[in-house]
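Peer 1: This is the content of entry03.txt (compact mmCIF, C-alpha atoms and all ligand atoms):
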# COMPACT_ATOMS: atom_id res chain seq x y z
CA MET A 1 135.94 17.91 116.44
CA LYS A 2 132.18 17.44 116.70
CA LEU A 3 130.47 20.56 118.08
CA LEU A 4 127.06 21.28 119.45
CA VAL A 5 126.29 24.93 118.74
CA THR A 6 123.14 26.34 120.32
CA GLY A 7 121.35 29.37 118.92
CA GLY A 8 123.09 28.79 115.58
CA CYS A 9 120.25 30.31 113.54
CA GLY A 10 120.79 33.72 115.14
CA PHE A 11 123.23 36.46 114.16
CA ILE A 12 126.54 35.46 115.76
CA GLY A 13 125.82 31.71 115.92
CA SER A 14 125.20 31.47 112.16
CA ASN A 15 128.36 33.42 111.38
CA PHE A 16 130.26 31.16 113.80
CA ILE A 17 129.03 27.89 112.27
CA ARG A 18 130.02 29.11 108.81
CA HIS A 19 133.43 30.16 110.17
CA VAL A 20 134.06 26.77 111.83
CA LEU A 21 133.13 24.71 108.77
CA ALA A 22 135.20 26.98 106.51
CA THR A 23 138.31 26.84 108.71
CA HIS A 24 138.22 23.27 110.09
CA ALA A 25 137.41 20.92 107.23
CA ALA A 26 137.13 17.84 109.44
CA ASP A 27 134.75 19.39 112.00
CA ARG A 28 131.05 18.61 112.24
CA VAL A 29 128.38 20.85 113.75
CA VAL A 30 124.98 20.11 115.25
CA ASN A 31 122.91 23.28 115.63
CA LEU A 32 120.21 23.27 118.33
CA ASP A 33 117.92 26.27 117.92
CA LYS A 34 114.38 26.93 119.13
CA LEU A 35 113.72 29.33 116.23
CA THR A 36 112.39 32.24 118.24
CA TYR A 37 111.63 35.48 116.37
CA ALA A 38 115.44 35.97 116.13
CA GLY A 39 116.25 32.52 114.75
CA ASN A 40 116.23 32.36 110.97
CA PRO A 41 117.19 29.16 109.11
CA ALA A 42 117.80 31.33 106.03
CA ASN A 43 120.95 32.54 107.81
CA LEU A 44 122.50 29.13 107.06
CA ALA A 45 120.74 28.29 103.80
CA ASP A 46 124.13 27.92 102.11
CA LEU A 47 124.92 24.88 104.32
CA ALA A 48 121.78 22.94 103.35
CA ASN A 49 123.79 20.41 101.34
CA ASP A 50 126.82 20.22 103.65
CA SER A 51 126.88 16.74 105.20
CA ARG A 52 128.96 18.10 108.13
CA TYR A 53 126.02 20.25 109.30
CA THR A 54 122.85 19.08 111.11
CA PHE A 55 119.98 21.24 112.35
CA VAL A 56 117.75 20.27 115.29
CA GLN A 57 114.85 22.50 116.30
CA GLY A 58 114.55 22.51 120.09
CA ASP A 59 114.77 24.45 123.33
CA VAL A 60 117.93 24.61 125.46
CA CYS A 61 115.66 24.58 128.54
CA ASP A 62 114.36 21.11 127.62
CA ALA A 63 116.64 18.71 129.55
CA GLN A 64 115.73 15.67 127.46
CA VAL A 65 116.30 17.37 124.11
CA VAL A 66 119.59 18.79 125.40
CA ARG A 67 120.82 15.38 126.60
CA ASP A 68 119.92 13.79 123.25
CA VAL A 69 121.85 16.31 121.17
CA ILE A 70 124.84 16.59 123.49
CA ARG A 71 125.59 12.87 123.60
CA GLY A 72 128.78 12.17 121.64
CA VAL A 73 129.93 15.74 120.98
CA ASP A 74 133.44 16.95 121.86
CA ALA A 75 132.36 20.47 122.82
CA VAL A 76 129.34 22.73 123.28
CA VAL A 77 129.23 26.41 122.29
CA ASN A 78 126.22 28.16 123.78
CA PHE A 79 125.00 31.17 121.79
CA ALA A 80 121.29 30.55 122.52
CA ALA A 81 119.84 33.53 124.35
CA GLU A 82 117.30 36.27 124.38
CA SER A 83 119.64 39.07 123.37
CA HIS A 84 117.89 42.44 123.05
CA VAL A 85 117.95 44.92 125.96
CA ASP A 86 114.78 46.78 124.88
CA ARG A 87 112.76 43.55 124.80
CA SER A 88 114.07 42.61 128.26
CA LEU A 89 112.46 45.80 129.59
CA MET A 90 109.06 44.74 128.25
CA GLU A 91 109.14 40.93 128.54
CA PRO A 92 111.86 39.78 130.95
CA ASP A 93 110.44 36.28 131.57
CA ALA A 94 111.92 34.72 128.44
CA PHE A 95 115.33 36.19 129.33
CA LEU A 96 115.43 34.55 132.73
CA ARG A 97 114.24 31.29 131.25
CA THR A 98 116.70 30.94 128.37
CA ASP A 99 119.67 32.95 129.66
CA VAL A 100 119.70 31.35 133.12
CA PHE A 101 117.65 28.15 133.10
CA GLY A 102 118.88 27.23 129.60
CA VAL A 103 122.49 27.47 130.80
CA PHE A 104 121.55 25.28 133.79
CA ALA A 105 120.06 22.57 131.53
CA LEU A 106 123.20 22.59 129.36
CA LEU A 107 125.54 22.48 132.37
CA GLU A 108 123.68 19.51 133.83
CA ALA A 109 123.94 17.58 130.56
CA VAL A 110 127.63 18.48 130.10
CA LYS A 111 128.29 17.27 133.66
CA GLU A 112 126.32 14.05 133.32
CA LEU A 113 127.73 13.08 129.91
CA LYS A 114 131.26 14.26 130.74
CA ILE A 115 131.60 16.53 127.70
CA ALA A 116 135.18 17.79 127.35
CA ARG A 117 134.41 21.51 126.86
CA PHE A 118 131.55 23.96 127.37
CA LEU A 119 132.07 27.44 125.93
CA HIS A 120 129.41 29.82 127.16
CA ILE A 121 128.95 33.04 125.17
CA SER A 122 128.41 36.08 127.35
CA THR A 123 128.65 39.84 126.98
CA ASP A 124 130.50 42.96 128.16
CA GLU A 125 127.13 44.16 129.49
CA VAL A 126 127.48 41.98 132.61
CA TYR A 127 130.10 44.46 133.93
CA GLY A 128 127.52 47.26 133.78
CA SER A 129 128.21 50.80 132.68
CA VAL A 130 131.90 51.79 132.87
CA GLU A 131 132.39 55.54 132.99
CA ARG A 132 136.20 55.38 132.79
CA GLY A 133 138.83 52.75 132.07
CA SER A 134 137.97 49.22 130.95
CA SER A 135 136.61 46.03 132.50
CA ARG A 136 138.90 43.13 133.28
CA GLU A 137 137.75 39.52 133.64
CA SER A 138 138.42 39.68 137.39
CA ASP A 139 136.06 42.65 137.87
CA PRO A 140 132.76 42.02 139.64
CA VAL A 141 129.59 41.83 137.58
CA ARG A 142 127.23 44.80 138.02
CA PRO A 143 124.45 44.23 135.49
CA SER A 144 121.87 46.98 135.23
CA ASN A 145 119.01 45.70 133.07
CA PRO A 146 117.09 42.40 132.90
CA TYR A 147 119.07 41.24 129.85
CA SER A 148 122.49 41.79 131.41
CA ALA A 149 121.28 40.49 134.80
CA SER A 150 120.08 37.25 133.23
CA LYS A 151 123.36 36.89 131.29
CA ALA A 152 125.32 37.49 134.52
CA GLY A 153 123.19 34.82 136.20
CA GLY A 154 124.12 32.32 133.48
CA ASP A 155 127.81 33.23 133.83
CA LEU A 156 127.80 32.81 137.60
CA LEU A 157 126.08 29.46 137.40
CA ALA A 158 128.59 28.24 134.81
CA LEU A 159 131.51 29.36 136.99
CA ALA A 160 129.92 27.65 139.99
CA TYR A 161 129.74 24.36 138.04
CA TRP A 162 133.46 24.72 137.30
CA HIS A 163 134.22 25.49 140.94
CA THR A 164 132.16 22.70 142.49
CA HIS A 165 132.04 19.97 139.82
CA ARG A 166 135.00 20.83 137.57
CA VAL A 167 132.65 21.03 134.58
CA PRO A 168 135.09 22.37 131.92
CA VAL A 169 133.49 25.75 131.41
CA LEU A 170 134.96 28.66 129.42
CA ILE A 171 133.26 32.04 129.05
CA THR A 172 133.71 34.74 126.41
CA ARG A 173 132.41 38.26 127.01
CA SER A 174 132.42 40.26 123.82
CA SER A 175 131.55 43.83 123.04
CA ASN A 176 128.77 44.87 120.59
CA ASN A 177 128.93 42.83 117.39
CA PHE A 178 127.90 44.04 113.94
CA GLY A 179 127.84 42.47 110.49
CA PRO A 180 125.64 40.46 108.13
CA HIS A 181 122.48 38.67 109.36
CA GLN A 182 121.96 40.77 112.51
CA TYR A 183 118.28 41.05 113.39
CA PRO A 184 117.16 44.61 112.53
CA GLU A 185 116.09 45.52 116.08
CA LYS A 186 119.75 46.20 117.01
CA VAL A 187 121.00 49.68 116.32
CA ILE A 188 123.22 49.20 113.24
CA PRO A 189 120.87 47.06 111.11
CA LEU A 190 117.86 49.08 112.36
CA PHE A 191 119.40 52.39 111.37
CA VAL A 192 120.79 51.12 108.04
CA THR A 193 117.46 49.61 106.98
CA ASN A 194 115.41 52.58 108.23
CA ALA A 195 117.69 54.92 106.27
CA LEU A 196 117.34 52.74 103.16
CA ASP A 197 113.55 53.09 103.57
CA ASP A 198 113.86 56.88 104.16
CA LYS A 199 112.47 56.45 107.68
CA PRO A 200 113.56 58.24 110.90
CA LEU A 201 116.51 56.93 112.92
CA PRO A 202 115.37 57.00 116.59
CA LEU A 203 118.43 58.03 118.59
CA TYR A 204 118.01 57.47 122.33
CA GLY A 205 118.66 60.28 124.83
CA ASP A 206 121.53 62.63 124.00
CA GLY A 207 123.09 60.11 121.59
CA ARG A 208 126.38 60.24 123.50
CA ASN A 209 126.34 56.65 124.84
CA VAL A 210 129.44 54.71 123.84
CA ARG A 211 129.69 51.15 122.56
CA ASP A 212 132.85 49.30 121.52
CA TRP A 213 132.12 47.81 118.09
CA LEU A 214 133.42 44.37 117.08
CA TYR A 215 133.00 42.92 113.59
CA VAL A 216 131.22 39.59 113.91
CA LEU A 217 133.88 37.65 111.96
CA ASP A 218 136.53 38.90 114.39
CA ASN A 219 134.41 37.64 117.28
CA CYS A 220 133.97 34.26 115.55
CA ALA A 221 137.74 33.89 115.18
CA ALA A 222 138.25 34.79 118.86
CA VAL A 223 135.55 32.39 120.09
CA ASP A 224 137.03 29.61 117.96
CA LEU A 225 140.48 30.28 119.43
CA VAL A 226 139.19 30.28 123.02
CA LEU A 227 137.32 27.05 122.30
CA ARG A 228 140.50 25.30 121.14
CA LYS A 229 143.23 27.04 123.18
CA GLY A 230 141.51 28.61 126.21
CA GLU A 231 141.83 27.30 129.75
CA ALA A 232 138.86 25.73 131.49
CA GLY A 233 137.41 27.83 134.30
CA GLU A 234 138.55 31.06 132.63
CA ILE A 235 136.72 34.11 131.27
CA TYR A 236 137.97 35.88 128.12
CA ASN A 237 136.96 39.43 127.18
CA ILE A 238 136.75 40.09 123.43
CA GLY A 239 136.65 43.78 122.57
CA GLY A 240 136.86 45.39 119.13
CA GLY A 241 138.77 48.43 120.38
CA ASN A 242 136.41 50.74 118.45
CA GLU A 243 134.65 53.00 120.96
CA VAL A 244 132.11 55.17 119.17
CA GLU A 245 129.34 57.48 120.41
CA ASN A 246 125.94 56.55 119.02
CA VAL A 247 125.52 59.90 117.29
CA ALA A 248 128.84 59.50 115.46
CA LEU A 249 127.88 55.97 114.44
CA THR A 250 124.53 57.25 113.14
CA ARG A 251 126.20 59.99 111.10
CA ALA A 252 128.67 57.47 109.66
CA ILE A 253 125.81 55.20 108.52
CA LEU A 254 123.94 58.10 106.91
CA GLY A 255 127.16 59.26 105.22
CA LEU A 256 127.79 55.80 103.75
CA LEU A 257 124.25 55.70 102.36
CA GLY A 258 124.26 59.30 101.13
CA LYS A 259 121.21 60.12 103.29
CA PRO A 260 120.62 63.44 105.12
CA GLU A 261 121.30 63.95 108.85
CA THR A 262 117.72 65.23 109.18
CA PHE A 263 116.78 61.53 109.40
CA ILE A 264 118.22 61.54 112.94
CA THR A 265 115.27 61.75 115.36
CA PRO A 266 116.11 62.21 119.05
CA VAL A 267 113.69 60.18 121.20
CA ALA A 268 113.24 59.51 124.93
CA ASP A 269 116.11 57.60 126.46
CA ARG A 270 116.05 53.85 127.17
CA PRO A 271 115.28 53.43 130.90
CA GLY A 272 118.49 52.60 132.79
CA HIS A 273 120.53 53.10 129.59
CA ASP A 274 124.15 52.07 130.24
CA ARG A 275 126.44 54.95 129.29
CA ARG A 276 129.53 53.11 128.17
CA TYR A 277 130.99 49.63 127.90
CA ALA A 278 134.73 49.06 127.50
CA LEU A 279 136.80 45.88 127.76
CA ASP A 280 140.41 45.11 128.54
CA SER A 281 141.11 42.31 126.04
CA GLY A 282 144.71 41.63 127.09
CA LYS A 283 143.95 38.04 128.06
CA VAL A 284 142.60 36.96 124.65
CA HIS A 285 145.41 38.91 122.97
CA GLY A 286 147.70 36.65 124.98
CA LEU A 287 146.17 33.63 123.18
CA GLY A 288 147.18 35.26 119.88
CA TRP A 289 143.95 36.97 118.74
CA ARG A 290 143.70 40.49 117.36
CA PRO A 291 140.80 41.99 115.37
CA ALA A 292 141.59 41.63 111.65
CA TYR A 293 138.93 43.97 110.19
CA PRO A 294 139.41 47.76 110.49
CA PHE A 295 136.21 49.34 111.81
CA ALA A 296 135.55 51.78 108.93
CA ALA A 297 135.94 49.09 106.25
CA ALA A 298 133.85 46.57 108.22
CA LEU A 299 131.07 49.13 108.74
CA GLU A 300 131.11 49.95 105.04
CA ALA A 301 130.92 46.24 104.11
CA THR A 302 128.06 45.77 106.58
CA VAL A 303 126.07 48.71 105.21
CA GLU A 304 126.65 47.34 101.72
CA TRP A 305 125.41 43.88 102.80
CA TYR A 306 122.07 45.31 104.02
CA ARG A 307 121.82 47.53 100.92
CA THR A 308 122.08 44.49 98.67
CA GLN A 309 120.16 41.98 100.84
CA GLU A 310 116.68 43.46 100.97
CA ALA A 311 115.30 39.96 100.35
CA TRP A 312 116.70 39.03 103.80
CA TRP A 313 115.49 41.98 105.89
CA LYS A 314 112.32 43.23 104.16
CA PRO A 315 110.24 40.18 105.17
CA ILE A 316 111.50 40.49 108.77
CA LYS A 317 110.65 44.18 109.03
CA SER A 318 107.18 43.74 107.54
CA GLY A 319 106.38 40.64 109.64
CA ALA A 320 106.47 40.04 113.43
CA PHE A 321 109.04 42.82 113.86
CA LYS A 322 106.44 45.41 112.91
CA ALA A 323 104.27 44.69 115.96
CA TYR A 324 107.31 44.92 118.25
CA TYR A 325 108.44 48.19 116.71
CA GLU A 326 104.99 49.74 116.98
CA LYS A 327 104.75 48.70 120.65
CA GLN A 328 107.99 50.63 121.16
CA TYR A 329 106.54 53.59 119.25
CA PRO A 330 105.56 55.79 122.21
CA ARG A 331 109.26 56.07 123.03
CA ARG A 332 110.40 56.24 119.44
P1 LIG B 401 120.27 36.52 118.34
O1 LIG B 401 119.13 37.08 119.13
O2 LIG B 401 120.53 37.01 116.95
O3 LIG B 401 120.13 34.93 118.26
C1 LIG B 401 119.77 34.13 119.34
C2 LIG B 401 119.48 32.73 118.80
O4 LIG B 401 119.17 31.89 119.93
C3 LIG B 401 118.27 32.67 117.86
O5 LIG B 401 118.59 31.85 116.75
C4 LIG B 401 117.18 32.05 118.71
O6 LIG B 401 116.22 31.31 117.95
C5 LIG B 401 117.99 31.14 119.62
N1 LIG B 401 117.31 30.85 120.89
C6 LIG B 401 116.71 31.75 121.74
N2 LIG B 401 116.16 31.10 122.79
C7 LIG B 401 116.43 29.77 122.61
C8 LIG B 401 116.15 28.61 123.37
N3 LIG B 401 115.45 28.68 124.51
N4 LIG B 401 116.59 27.43 122.91
C9 LIG B 401 117.29 27.35 121.74
N5 LIG B 401 117.57 28.41 120.96
C10 LIG B 401 117.15 29.62 121.41
O7 LIG B 401 121.55 36.74 119.27
P2 LIG B 401 123.06 37.09 118.86
O8 LIG B 401 123.19 38.56 118.70
O9 LIG B 401 123.52 36.18 117.78
O10 LIG B 401 123.79 36.73 120.24
C11 LIG B 401 124.28 35.42 120.46
C12 LIG B 401 124.91 35.36 121.83
O11 LIG B 401 125.95 36.34 121.93
C13 LIG B 401 123.96 35.66 122.98
O12 LIG B 401 124.27 34.80 124.05
C14 LIG B 401 124.26 37.10 123.36
O13 LIG B 401 123.99 37.34 124.73
C15 LIG B 401 125.75 37.17 123.05
N6 LIG B 401 126.28 38.50 122.71
C16 LIG B 401 125.75 39.20 121.66
C17 LIG B 401 126.29 40.44 121.31
C18 LIG B 401 125.75 41.23 120.15
O14 LIG B 401 126.22 42.35 119.92
N7 LIG B 401 124.83 40.72 119.36
C19 LIG B 401 127.37 40.96 122.05
C20 LIG B 401 127.88 40.21 123.13
C21 LIG B 401 127.33 38.98 123.42
P1 LIG B 402 121.68 47.93 120.80
O1 LIG B 402 122.03 47.63 119.39
O2 LIG B 402 120.30 47.65 121.27
O3 LIG B 402 122.78 47.19 121.69
P2 LIG B 402 123.05 47.28 123.30
O4 LIG B 402 121.96 48.02 123.94
O5 LIG B 402 123.05 45.84 123.66
O6 LIG B 402 124.38 47.94 123.41
O7 LIG B 402 121.97 49.48 121.07
C1 LIG B 402 123.26 50.01 120.87
C2 LIG B 402 123.23 51.47 121.29
O8 LIG B 402 122.32 52.19 120.43
C3 LIG B 402 122.68 51.66 122.70
O9 LIG B 402 123.39 52.71 123.35
C4 LIG B 402 121.24 52.06 122.49
C5 LIG B 402 121.27 52.80 121.17
N1 LIG B 402 120.03 52.70 120.37
C6 LIG B 402 119.40 53.87 119.91
O10 LIG B 402 119.86 55.01 120.15
N2 LIG B 402 118.26 53.74 119.17
C7 LIG B 402 117.70 52.51 118.89
O11 LIG B 402 116.62 52.45 118.22
C8 LIG B 402 118.37 51.34 119.36
C9 LIG B 402 117.81 49.97 119.09
C10 LIG B 402 119.53 51.49 120.10
Can you present the structure in this file as structure tokens?

Peer 2:
Amino acid sequence: MKLLVTGGCGFIGSNFIRHVLATHAADRVVNLDKLTYAGNPANLADLANDSRYTFVQGDVCDAQVVRDVIRGVDAVVNFAAESHVDRSLMEPDAFLRTDVFGVFALLEAVKELKIARFLHISTDEVYGSVERGSSRESDPVRPSNPYSASKAGGDLLALAYWHTHRVPVLITRSSNNFGPHQYPEKVIPLFVTNALDDKPLPLYGDGRNVRDWLYVLDNCAAVDLVLRKGEAGEIYNIGGGNEVENVALTRAILGLLGKPETFITPVADRPGHDRRYALDSGKVHGLGWRPAYPFAAALEATVEWYRTQEAWWKPIKSGAFKAYYEKQYPRR
């Protein structure tokens, strides 16, 4: 199978490309990535000499570029997105552009060139905060911040192209991922690297918000399965089944690093902060997927990765990230 993967230089996309080439020897991958602040070619440096892998720098919103790279592929997997809630509160424009208009440009090209499959990567955040129970694929979307609203917009457009044009769309909505190569603005890599630097860990609000953590390699396996075995027009939730309050997660990270709990610094809450996300993943279980990595072991391996990969995250945290973090400082 020849795949176009978009956003492949980011966190999940890079893990996914490595997963595909490791598990399907005959596959080839073209990676279209704009290289925003979150895109890092170093995430795939190990594939530099793999003839099955090609990198193209470009924007998913650029219809011509998209048509050129899509021609001749068997399937498209769209990871490209602006992905950080806090940034969407400050600069929502880029979110609407990439997460809605980018999906539109891809859908148009998939329709025109009659590509056999378009897997769009979405998120549990489109369901909004879920105080009790868990979200099913048939539930309405109730996004509550500009990030999740733009992702919901992309999802709805994709489903509309299935409904009206029979463009073979599939959607995955996963819970919070963690693992190697995650940009250190997201809570786990931020807190691990801050702790390694003996810096405060800014915990929002009362620290009791709940996220369901999914190890990135488990998500990659699920996405790959949906790509090959899923039904067009369908949505698949992918949850890790590991609901953890932020304060417990923070303590676990500090415990693994042998750092004191005095590093925890309560700060003002994120505006509109969703309390809890939770997914019913019965449908993807029905395809045969289950998470393979126990949460505690995966968290330990992740912490260890950041502990030993300072050469990856130190340049990020001392570069463009610094300006972003300082802009956030009044709240932190
Ligand atoms: P990321 O921010 O680490 O990476 C995004 C990648 O997309 C970067 O390489 C960036 O350069 C690229 N990109 C951004 N705008 C682009 C554009 N206009 N054209 C081409 N490339 C562009 O994100 P991630 O955490 O790897 O998330 C990947 C996808 O998974 C996103 O769609 C996100 O909404 C979804 N998702 C993420 C999580 C999570 O916990 N990280 C959970 C559920 C769903
Ligand atoms: P994040 O990693 O930004 O993912 P999302 O908002 O998409 O779930 O945040 C995960 C949780 O951690 C969320 O409840 C917000 C919280 N958080 C903090 O308490 N402090 C921080 O500095 C960050 C970035 C997040």

Peer 1: So which residues touch Ser134 (chain A) within 6 Å, counting all atoms listed in the file, skipping near sequence neighbours fewer than 4 positions away, as an NGL selection string?

Peer 2: :A and (278-280)

Peer 1: Name each residue within 7 Å of ligand LIG 402 (chain B), counting only C-alpha atoms and all ligand atoms, as an mmCIF file with C-alpha atoms, keeping the file's coordinate frame.

Peer 2:
data_model
loop_
_atom_site.group_PDB
_atom_site.id
_atom_site.type_symbol
_atom_site.label_atom_id
_atom_site.label_comp_id
_atom_site.auth_asym_id
_atom_site.auth_seq_id
_atom_site.Cartn_x
_atom_site.Cartn_y
_atom_site.Cartn_z
ATOM 1 C CA HIS A 84 117.890 42.440 123.050
ATOM 2 C CA VAL A 85 117.950 44.920 125.960
ATOM 3 C CA ASP A 86 114.780 46.780 124.880
ATOM 4 C CA ASN A 176 128.770 44.870 120.590
ATOM 5 C CA GLU A 185 116.090 45.520 116.080
ATOM 6 C CA LYS A 186 119.750 46.200 117.010
ATOM 7 C CA VAL A 187 121.000 49.680 116.320
ATOM 8 C CA ILE A 188 123.220 49.200 113.240
ATOM 9 C CA LEU A 190 117.860 49.080 112.360
ATOM 10 C CA LEU A 201 116.510 56.930 112.920
ATOM 11 C CA PRO A 202 115.370 57.000 116.590
ATOM 12 C CA LEU A 203 118.430 58.030 118.590
ATOM 13 C CA TYR A 204 118.010 57.470 122.330
ATOM 14 C CA GLY A 207 123.090 60.110 121.590
ATOM 15 C CA ASN A 209 126.340 56.650 124.840
ATOM 16 C CA VAL A 210 129.440 54.710 123.840
ATOM 17 C CA ARG A 211 129.690 51.150 122.560
ATOM 18 C CA ASN A 246 125.940 56.550 119.020
ATOM 19 C CA HIS A 273 120.530 53.100 129.590
ATOM 20 C CA ASP A 274 124.150 52.070 130.240
#

Peer 1: Near Val110 (chain A), within 12 Å and counting only C-alpha atoms, which residues show up once chain neighbours fewer than 5 positions away are dropped, as a ChimeraX atom specification?

Peer 2: /A:4,63,66-78,103-105,115-120,158,161-162,165-169

Peer 1: Enter the distance from CA of Asp197 (chain A) to CA of Asp212 (chain A), in Å, rounded to one decimal.

Peer 2: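 These two atoms are separated by 26.6 Å.
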
Peer 1: Enumerate as a PyMOL selection string the residues within 7 Å of ligand LIG 401 (chain B), counting all atoms listed in the file.

Peer 2: chain A and resi 6-13+32-40+58-61+78-84+98+102+121-124+151+173-178+182-183

Peer 1: If I take CA of Pro41 (chain A) and CA of Ala149 (chain A), how far is one from the other in Å, to one decimal?

Peer 2: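 Interatomic distance, CA of Pro41 (chain A) to CA of Ala149 (chain A): 28.4 Å.
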
Peer 1: Report the distance between CA of Arg132 (chain A) and CA of Arg270 (chain A) in Å, rounded to one decimal place.

Peer 2: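 Separating CA of Arg132 (chain A) from CA of Arg270 (chain A) is a distance of 21.0 Å.
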
Peer 1: Taking only C-alpha atoms into account, name the residue in A:Ala160, A:Met90, A:Leu196, A:Val29 that is nearest to Val303 (chain A).

Peer 2: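 The closest residue to Val303 (chain A) is A:Leu196.
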
Peer 1: When distances are computed from all atoms listed in the file, which of A:Leu256, A:Trp213, A:Pro271, A:Lys283 shows the smallest separation from Thr172 (chain A)?

Peer 2: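 Nearest candidate to Thr172 (chain A) out of A:Leu256, A:Trp213, A:Pro271, A:Lys283: A:Lys283.
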